[in-house]
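The structure file work_10.txt is reproduced below (compact mmCIF, C-alpha atoms).
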```txt
# COMPACT_ATOMS: atom_id res chain seq x y z
CA MET X 67 169.03 23.51 -180.43
CA THR X 68 169.36 23.91 -176.66
CA LYS X 69 168.97 21.11 -174.13
CA LEU X 70 165.70 22.75 -173.05
CA THR X 71 164.10 23.08 -176.47
CA ALA X 72 165.03 19.61 -177.72
CA PRO X 73 162.58 17.75 -175.45
CA LEU X 74 159.90 20.31 -176.24
CA ALA X 75 160.43 19.81 -179.97
CA LEU X 76 160.27 16.04 -179.52
CA ALA X 77 157.08 16.33 -177.49
CA GLY X 78 155.56 18.54 -180.17
CA ALA X 79 156.42 16.02 -182.86
CA LEU X 80 154.87 13.21 -180.83
CA LEU X 81 151.71 15.24 -180.26
CA ALA X 82 151.49 16.04 -183.96
CA GLY X 83 151.84 12.36 -184.75
CA ALA X 84 149.13 11.47 -182.23
CA ALA X 85 146.83 14.07 -183.72
CA THR X 86 147.06 12.48 -187.15
CA ALA X 87 146.59 8.90 -185.93
CA GLN X 88 142.82 8.88 -186.20
CA ASP X 89 140.73 5.72 -186.05
CA LYS X 90 139.06 5.08 -189.39
CA VAL X 91 135.34 4.33 -189.44
CA THR X 92 133.28 3.52 -192.52
CA TYR X 93 129.73 4.87 -192.18
CA GLN X 94 127.02 3.17 -194.23
CA LEU X 95 124.03 5.19 -195.45
CA ASP X 96 120.76 3.37 -196.04
CA TRP X 97 120.02 5.58 -199.04
CA LEU X 98 121.52 8.40 -201.05
CA PRO X 99 122.85 11.53 -199.28
CA GLY X 100 120.19 14.03 -198.23
CA GLY X 101 118.89 16.26 -195.49
CA ASP X 102 117.71 13.37 -193.34
CA LYS X 103 121.35 12.20 -193.20
CA ALA X 104 122.63 15.59 -191.96
CA PRO X 105 124.10 14.46 -188.59
CA ILE X 106 126.91 12.36 -190.09
CA TYR X 107 127.95 15.25 -192.34
CA VAL X 108 127.86 17.62 -189.37
CA CYS X 109 130.10 15.17 -187.52
CA MET X 110 132.64 15.50 -190.32
CA THR X 111 132.48 19.20 -191.12
CA GLU X 112 131.98 20.62 -187.62
CA GLY X 113 134.82 18.51 -186.21
CA PHE X 114 132.90 16.35 -183.75
CA CYS X 115 134.25 13.14 -185.30
CA ALA X 116 137.80 14.53 -185.46
CA GLU X 117 137.61 15.63 -181.81
CA ALA X 118 136.69 12.03 -180.98
CA GLY X 119 139.79 10.84 -182.81
CA ILE X 120 137.80 9.40 -185.71
CA GLU X 121 138.18 9.79 -189.47
CA VAL X 122 134.92 8.94 -191.23
CA SER X 123 134.32 7.79 -194.78
CA ILE X 124 130.75 7.52 -196.06
CA GLU X 125 129.30 4.77 -198.25
CA PRO X 126 125.99 5.43 -200.06
CA GLY X 127 123.25 2.82 -199.93
CA ARG X 128 120.17 1.61 -201.75
CA GLY X 129 117.87 0.68 -198.92
CA SER X 130 118.09 -0.68 -195.39
CA SER X 131 118.46 -4.30 -196.49
CA GLU X 132 121.56 -3.50 -198.54
CA ALA X 133 122.99 -1.41 -195.70
CA ILE X 134 122.52 -4.27 -193.24
CA THR X 135 124.18 -6.71 -195.66
CA LYS X 136 127.22 -4.43 -196.03
CA LEU X 137 127.52 -4.17 -192.25
CA ALA X 138 127.05 -7.91 -191.81
CA THR X 139 129.86 -8.66 -194.27
CA GLY X 140 132.22 -6.13 -192.72
CA ALA X 141 132.28 -3.82 -195.74
CA SER X 142 131.17 -1.01 -193.40
CA ASP X 143 131.43 -0.52 -189.65
CA ILE X 144 128.36 1.42 -188.55
CA GLY X 145 125.53 3.26 -190.26
CA SER X 146 121.84 4.00 -190.53
CA ALA X 147 119.08 1.52 -191.33
CA GLY X 148 115.43 0.97 -190.56
CA ILE X 149 115.16 -1.06 -187.38
CA GLY X 150 112.27 -3.00 -188.89
CA ALA X 151 114.57 -4.26 -191.63
CA LEU X 152 117.13 -5.27 -189.00
CA MET X 153 114.46 -7.13 -187.02
CA ALA X 154 113.33 -9.04 -190.10
CA ALA X 155 116.91 -9.88 -191.06
CA LYS X 156 117.71 -11.04 -187.52
CA ALA X 157 114.60 -13.20 -187.36
CA SER X 158 115.16 -14.85 -190.74
CA GLU X 159 118.95 -14.89 -191.12
CA GLY X 160 120.49 -14.04 -187.75
CA VAL X 161 122.68 -11.32 -189.28
CA PRO X 162 125.65 -10.20 -187.13
CA VAL X 163 124.44 -6.60 -186.87
CA THR X 164 123.17 -4.79 -183.75
CA ALA X 165 121.27 -1.55 -183.16
CA VAL X 166 123.19 0.75 -180.80
CA MET X 167 121.17 4.00 -180.91
CA ASN X 168 117.84 5.21 -182.20
CA ILE X 169 117.81 8.10 -184.68
CA PHE X 170 114.12 8.45 -185.61
CA ASN X 171 111.74 7.31 -182.89
CA MET X 172 108.69 7.70 -185.13
CA GLY X 173 107.88 6.12 -188.45
CA PRO X 174 108.15 8.47 -191.44
CA HIS X 175 105.11 7.07 -193.26
CA ALA X 176 102.18 9.30 -194.24
CA PHE X 177 99.40 10.02 -196.70
CA TYR X 178 99.76 13.33 -198.55
CA THR X 179 96.73 14.91 -200.14
CA THR X 180 95.46 18.38 -201.04
CA ALA X 181 92.92 20.52 -199.25
CA ASP X 182 90.50 20.31 -202.20
CA SER X 183 90.38 16.48 -202.10
CA GLY X 184 88.00 16.32 -199.16
CA ILE X 185 90.34 13.92 -197.36
CA THR X 186 90.84 15.15 -193.81
CA SER X 187 91.45 11.88 -191.96
CA ILE X 188 92.83 8.44 -192.78
CA THR X 189 89.33 6.94 -192.91
CA ASP X 190 88.57 9.33 -195.77
CA VAL X 191 90.95 7.48 -198.13
CA LYS X 192 88.34 4.74 -198.54
CA GLY X 193 87.28 4.54 -202.18
CA LYS X 194 90.07 6.88 -203.30
CA THR X 195 92.94 6.50 -205.76
CA ILE X 196 96.25 6.30 -203.89
CA ALA X 197 99.66 6.42 -205.57
CA THR X 198 102.80 4.96 -204.03
CA SER X 199 106.31 4.05 -205.19
CA PRO X 200 106.97 0.33 -205.74
CA PHE X 201 109.83 -0.12 -203.27
CA THR X 202 108.99 2.07 -200.28
CA SER X 203 108.81 0.28 -196.94
CA SER X 204 105.55 2.15 -196.33
CA ASN X 205 103.80 -0.39 -198.55
CA VAL X 206 104.59 -3.11 -196.00
CA PHE X 207 102.80 -1.20 -193.24
CA LEU X 208 99.86 0.02 -195.33
CA PRO X 209 97.62 -3.03 -194.61
CA LEU X 210 98.15 -2.55 -190.86
CA VAL X 211 97.24 1.14 -190.93
CA LEU X 212 94.16 0.43 -193.00
CA ALA X 213 93.11 -2.41 -190.70
CA ASP X 214 93.54 -0.16 -187.66
CA ASN X 215 91.05 2.17 -189.32
CA GLY X 216 88.52 -0.44 -190.44
CA MET X 217 89.69 -0.81 -194.05
CA SER X 218 91.71 -3.05 -196.32
CA GLU X 219 93.60 -2.51 -199.58
CA ASP X 220 90.46 -3.64 -201.41
CA ASP X 221 88.90 -0.34 -200.29
CA LEU X 222 91.51 1.63 -202.30
CA THR X 223 92.60 1.92 -205.89
CA LEU X 224 96.34 1.57 -205.36
CA THR X 225 98.66 2.76 -208.14
CA LYS X 226 102.43 2.17 -208.26
CA ALA X 227 104.52 4.97 -209.80
CA ASP X 228 108.08 6.26 -209.93
CA PRO X 229 108.86 8.33 -206.79
CA GLY X 230 109.44 11.43 -208.91
CA ALA X 231 105.96 11.13 -210.43
CA LEU X 232 104.05 11.08 -207.13
CA GLY X 233 103.96 14.85 -206.61
CA PRO X 234 102.80 15.66 -210.15
CA MET X 235 100.15 12.92 -209.94
CA LEU X 236 98.77 14.46 -206.75
CA MET X 237 98.82 18.03 -208.03
CA THR X 238 97.12 17.14 -211.36
CA GLY X 239 94.42 15.02 -209.73
CA GLN X 240 95.62 11.69 -211.14
CA ALA X 241 95.77 10.52 -207.53
CA ASP X 242 93.58 11.60 -204.63
CA ALA X 243 96.47 11.00 -202.25
CA ILE X 244 100.00 9.66 -202.29
CA ILE X 245 102.07 7.65 -199.82
CA ALA X 246 105.33 9.38 -198.94
CA TRP X 247 107.64 10.04 -196.02
CA LEU X 248 107.53 12.92 -193.56
CA THR X 249 111.09 13.77 -194.61
CA ASP X 250 109.61 15.17 -197.86
CA VAL X 251 107.16 17.72 -196.46
CA SER X 252 109.08 20.70 -197.85
CA ARG X 253 109.31 19.22 -201.35
CA TYR X 254 105.61 18.41 -201.67
CA THR X 255 104.56 21.67 -200.01
CA GLY X 256 106.60 23.53 -202.61
CA GLN X 257 105.05 21.55 -205.47
CA ALA X 258 101.57 22.23 -204.09
CA SER X 259 102.30 25.94 -203.79
CA GLU X 260 103.43 26.09 -207.42
CA ALA X 261 100.17 24.38 -208.42
CA GLY X 262 98.10 26.79 -206.33
CA LYS X 263 97.13 24.07 -203.88
CA GLU X 264 97.49 23.43 -200.16
CA ILE X 265 99.05 20.22 -198.93
CA VAL X 266 97.43 18.10 -196.21
CA ILE X 267 99.54 15.52 -194.39
CA LEU X 268 98.15 12.55 -192.47
CA PRO X 269 100.98 10.84 -190.54
CA TRP X 270 100.40 7.16 -189.90
CA SER X 271 101.87 7.59 -186.42
CA ASP X 272 98.72 9.60 -185.59
CA ALA X 273 96.59 6.65 -186.69
CA GLY X 274 98.08 3.96 -184.47
CA LEU X 275 101.34 3.08 -186.23
CA GLU X 276 103.78 3.79 -183.41
CA LEU X 277 107.24 2.40 -184.08
CA TYR X 278 110.94 3.11 -184.24
CA SER X 279 112.40 3.65 -187.70
CA ALA X 280 115.94 4.73 -188.66
CA SER X 281 118.58 3.69 -186.14
CA LEU X 282 122.34 3.51 -185.80
CA VAL X 283 123.25 -0.11 -186.47
CA ALA X 284 126.73 -1.62 -186.37
CA SER X 285 128.67 -4.67 -187.41
CA ASP X 286 129.05 -7.07 -184.48
CA THR X 287 132.71 -7.48 -185.46
CA PHE X 288 133.25 -3.71 -185.19
CA LEU X 289 131.56 -3.61 -181.78
CA ALA X 290 133.56 -6.59 -180.48
CA GLU X 291 136.96 -5.62 -181.86
CA ARG X 292 136.82 -1.81 -181.46
CA PRO X 293 134.33 -1.07 -178.67
CA ASP X 294 136.11 2.12 -177.60
CA VAL X 295 135.98 3.49 -181.15
CA ALA X 296 132.26 2.61 -181.31
CA LYS X 297 131.56 4.48 -178.06
CA ARG X 298 133.51 7.54 -179.19
CA PHE X 299 131.75 7.55 -182.55
CA ILE X 300 128.26 7.27 -181.01
CA ALA X 301 129.05 10.11 -178.58
CA ALA X 302 130.22 12.26 -181.51
CA PHE X 303 127.18 11.32 -183.58
CA THR X 304 124.89 12.28 -180.68
CA LYS X 305 126.57 15.71 -180.44
CA SER X 306 126.14 16.09 -184.20
CA LEU X 307 122.45 15.20 -184.03
CA GLU X 308 121.88 17.81 -181.32
CA PHE X 309 123.94 20.41 -183.20
CA ALA X 310 121.99 19.79 -186.41
CA HIS X 311 118.72 20.25 -184.53
CA GLU X 312 119.86 23.53 -183.01
CA ASN X 313 121.62 24.81 -186.17
CA PRO X 314 119.62 23.71 -189.25
CA ASP X 315 121.40 26.18 -191.56
CA LYS X 316 124.83 24.85 -190.61
CA ALA X 317 123.52 21.29 -190.87
CA ALA X 318 122.38 21.97 -194.43
CA GLU X 319 125.71 23.59 -195.29
CA ALA X 320 127.52 20.54 -193.91
CA VAL X 321 125.72 18.22 -196.33
CA SER X 322 126.15 20.48 -199.37
CA ALA X 323 129.84 20.99 -198.53
CA VAL X 324 130.45 17.26 -198.90
CA VAL X 325 127.77 16.64 -201.57
CA PRO X 326 127.88 19.84 -203.69
CA GLU X 327 125.17 18.69 -206.08
CA LEU X 328 122.68 19.13 -203.22
CA SER X 329 121.67 22.74 -202.54
CA ALA X 330 121.76 23.87 -198.93
CA GLU X 331 118.21 25.25 -199.30
CA ASP X 332 116.75 21.86 -200.30
CA VAL X 333 118.81 20.04 -197.70
CA LYS X 334 117.61 22.39 -194.95
CA GLY X 335 113.95 21.75 -195.77
CA SER X 336 114.48 18.00 -195.75
CA TRP X 337 116.41 18.11 -192.46
CA LEU X 338 113.79 20.28 -190.76
CA ASP X 339 111.18 17.71 -191.79
CA ALA X 340 113.30 14.75 -190.69
CA SER X 341 114.38 16.28 -187.38
CA LYS X 342 110.80 16.12 -186.13
CA LEU X 343 111.15 12.33 -186.19
CA ALA X 344 114.13 12.60 -183.82
CA PHE X 345 113.02 15.46 -181.55
CA ASN X 346 109.44 15.13 -180.33
CA GLU X 347 107.33 14.00 -177.36
CA VAL X 348 108.79 10.50 -177.51
CA THR X 349 112.28 11.99 -177.16
CA GLU X 350 111.11 14.07 -174.21
CA GLN X 351 109.73 10.95 -172.53
CA PHE X 352 112.58 8.49 -173.08
CA GLY X 353 115.61 10.57 -174.11
CA LEU X 354 117.48 11.15 -177.36
CA GLY X 355 118.62 7.91 -178.98
CA ALA X 356 117.02 5.67 -176.37
CA PHE X 357 115.26 2.37 -177.04
CA ASP X 358 112.27 2.01 -174.75
CA ALA X 359 111.58 -1.70 -174.21
CA ALA X 360 107.81 -1.42 -174.66
CA ARG X 361 108.05 0.68 -177.84
CA LEU X 362 110.72 -1.68 -179.19
CA ALA X 363 108.44 -4.67 -178.55
CA ALA X 364 105.52 -2.86 -180.20
CA THR X 365 107.72 -2.15 -183.23
CA TRP X 366 108.55 -5.85 -183.54
CA ASP X 367 104.86 -6.77 -183.26
CA ARG X 368 104.12 -4.47 -186.19
CA VAL X 369 107.07 -5.67 -188.26
CA ALA X 370 106.18 -9.32 -187.66
CA ALA X 371 102.54 -8.73 -188.58
CA SER X 372 103.43 -6.76 -191.71
CA GLN X 373 105.84 -9.41 -193.02
CA GLY X 374 104.08 -12.57 -191.90
CA LEU X 375 106.78 -13.49 -189.38
CA ASP X 376 106.21 -15.51 -186.21
CA PRO X 377 106.31 -13.05 -183.28
CA ALA X 378 108.06 -15.74 -181.24
CA SER X 379 110.91 -15.94 -183.77
CA LEU X 380 112.68 -12.92 -182.27
CA ASP X 381 113.21 -11.33 -178.89
CA PRO X 382 113.35 -7.63 -179.83
CA GLU X 383 115.74 -6.97 -176.95
CA SER X 384 118.27 -9.29 -178.62
CA ILE X 385 118.86 -6.87 -181.50
CA VAL X 386 119.89 -3.85 -179.42
CA ASP X 387 122.88 -3.04 -177.22
CA ARG X 388 122.36 0.11 -175.17
CA SER X 389 125.78 -0.02 -173.49
CA PHE X 390 127.63 1.86 -176.25
CA MET X 391 125.65 5.05 -175.62
CA GLY X 392 127.35 5.45 -172.24
CA ASP X 393 125.62 7.10 -169.31
```
Please express the file's structure as structure tokens.
Amino acid sequence: MTKLTAPLALAGALLAGAATAQDKVTYQLDWLPGGDKAPIYVCMTEGFCAEAGIEVSIEPGRGSSEAITKLATGASDIGSAGIGALMAAKASEGVPVTAVMNIFNMGPHAFYTTADSGITSITDVKGKTIATSPFTSSNVFLPLVLADNGMSEDDLTLTKADPGALGPMLMTGQADAIIAWLTDVSRYTGQASEAGKEIVILPWSDAGLELYSASLVASDTFLAERPDVAKRFIAAFTKSLEFAHENPDKAAEAVSAVVPELSAEDVKGSWLDASKLAFNEVTEQFGLGAFDAARLAATWDRVAASQGLDPASLDPESIVDRSFMGD
């Protein structure tokens, strides 16, 4: 080896070592993998996380409350959870978890019905049989939506059923309408088509329920001890969110590449449905990922009312830190 090539070889070795020294981040899902979780898989497969010097591992979840607990205990670093669940947990337990970026700036809650039901607006559900799953967070907000439209739960026949049974119940007429999320439009539209029916969707956001939903939330320990890693991750996640919106086919492939039991076709439909909760008129007004103070306060008002919490028990601004999103 010549005197000239020796330093070059050493520099190459050092660069190779630097390239492999990635910061490890554990990402916590608030539910099982699916199309609505596409951005984190895009971050992994399209290289946005690697470019930011981050190696991501993903932990599945069973609801926002469990995700927040895992973040609070340090089992995970950052992840997705409903901001309403974080607000409630902060108000009641003071959990050391903070929201750093919004993912879905609209609630996913909706009534689904069929064109032959005669239900064309939310007020039309009065006197009807409505099916819902036992554990969906939509049930918490149902009384508020009904009250906004001059009704109460006494005006409905409410049936609890397994999530997988909701579509068949609607298509066979066992339920006049079901309560489901806007991330499932493709699935229920497909079921309706097979049954020779046309699906009708009544989003609760159109009936007065304006609130933030899924957000990036992080362990306070992670934010305090590794703020630079947090900033780099959030920047990479933002790129991934934008990429997924612009490239739904690649977003679907990213999920199925990591979770092969999910078909890219099903994932794409779910992501296209979910992406409308991230890219819409609210995004145009306030920016991608932003927390508008007034909308945040309105979200807390709704969460407090739905769960019987004292509105004065939490300052909604205390649960968010906008500084990690950068400029």
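Of note, atom CA of Leu210 of chain X and atom CA of Thr164 of chain X are spaced 26.1 Å apart.
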Proximity of segment 165-227 of chain X to segment 376-393 of chain X: per-residue shortest pair, 9 Å limit, all atoms listed in the file, as JSON lines:
```
{"residue": "X:Ala165", "atom": "CA", "partner": "X:Val386", "partner_atom": "CA", "distance": 4.6}
{"residue": "X:Val166", "atom": "CA", "partner": "X:Asp387", "partner_atom": "CA", "distance": 5.2}
{"residue": "X:Met167", "atom": "CA", "partner": "X:Met391", "partner_atom": "CA", "distance": 7.0}
```
Just C-alpha atoms for this one: save the residues we selected as a PDB file, in the frame of the given file.
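This is the output file selection-v4.pdb:
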```
ATOM      1  CA  ALA X 165     121.270  -1.550-183.160  1.00  0.00           C
ATOM      2  CA  VAL X 166     123.190   0.750-180.800  1.00  0.00           C
ATOM      3  CA  MET X 167     121.170   4.000-180.910  1.00  0.00           C
TER       4      MET X 167
END
```
Sorted per-residue table, segment 183-220 of chain X near segment 118-138 of chain X, closest atoms and distance, 12 Å, only C-alpha atoms, as JSON lines:
```
{"residue": "X:Phe201", "atom": "CA", "partner": "X:Gly129", "partner_atom": "CA", "distance": 9.2}
{"residue": "X:Thr202", "atom": "CA", "partner": "X:Gly129", "partner_atom": "CA", "distance": 9.1}
{"residue": "X:Ser203", "atom": "CA", "partner": "X:Gly129", "partner_atom": "CA", "distance": 9.3}
```
Could you write out that same residue set with C-alpha atoms as a PDB file, in the coordinates of the input?
```pdb
ATOM      1  CA  PHE X 201     109.830  -0.120-203.270  1.00  0.00           C
ATOM      2  CA  THR X 202     108.990   2.070-200.280  1.00  0.00           C
ATOM      3  CA  SER X 203     108.810   0.280-196.940  1.00  0.00           C
TER       4      SER X 203
END
```
Discussion item. Measuring between only C-alpha atoms, which one of X:Gly150, X:Gly233, X:Pro162, X:Gly145 shows the shortest distance to Phe177 of chain X?
Written reply: X:Gly233
Discussion item. Measuring between all atoms listed in the file, which one of X:Val163, X:Gln351, X:Trp270, X:Asp367 shows the shortest distance to Ala290 of chain X?
Written reply: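 Of X:Val163, X:Gln351, X:Trp270, X:Asp367, the one nearest Ala290 of chain X, counting all atoms listed in the file, is X:Val163.
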Fill in: Computed interatomic separation between atom CA of Leu224 of chain X and atom CA of Ile188 of chain X (Å)
14.8 Å
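Distances here use only C-alpha atoms; by that measure, the residue among X:Thr198, X:Thr238, X:Thr304, X:Thr139 closest to Ser183 of chain X is X:Thr238.
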Practice prompt. Kindly give the distance, in Å, that separates atom CA of Tyr178 of chain X and atom CA of Pro229 of chain X, rounded to a single decimal.
Written response: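 Atom-to-atom, atom CA of Tyr178 of chain X to atom CA of Pro229 of chain X, that is 13.3 Å.
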Practice prompt. Using only C-alpha atoms, find the one residue out of X:Val321, X:Ala302, X:Val251, X:Val283 that sits nearest to Ser336 of chain X.
Written response: X:Val251
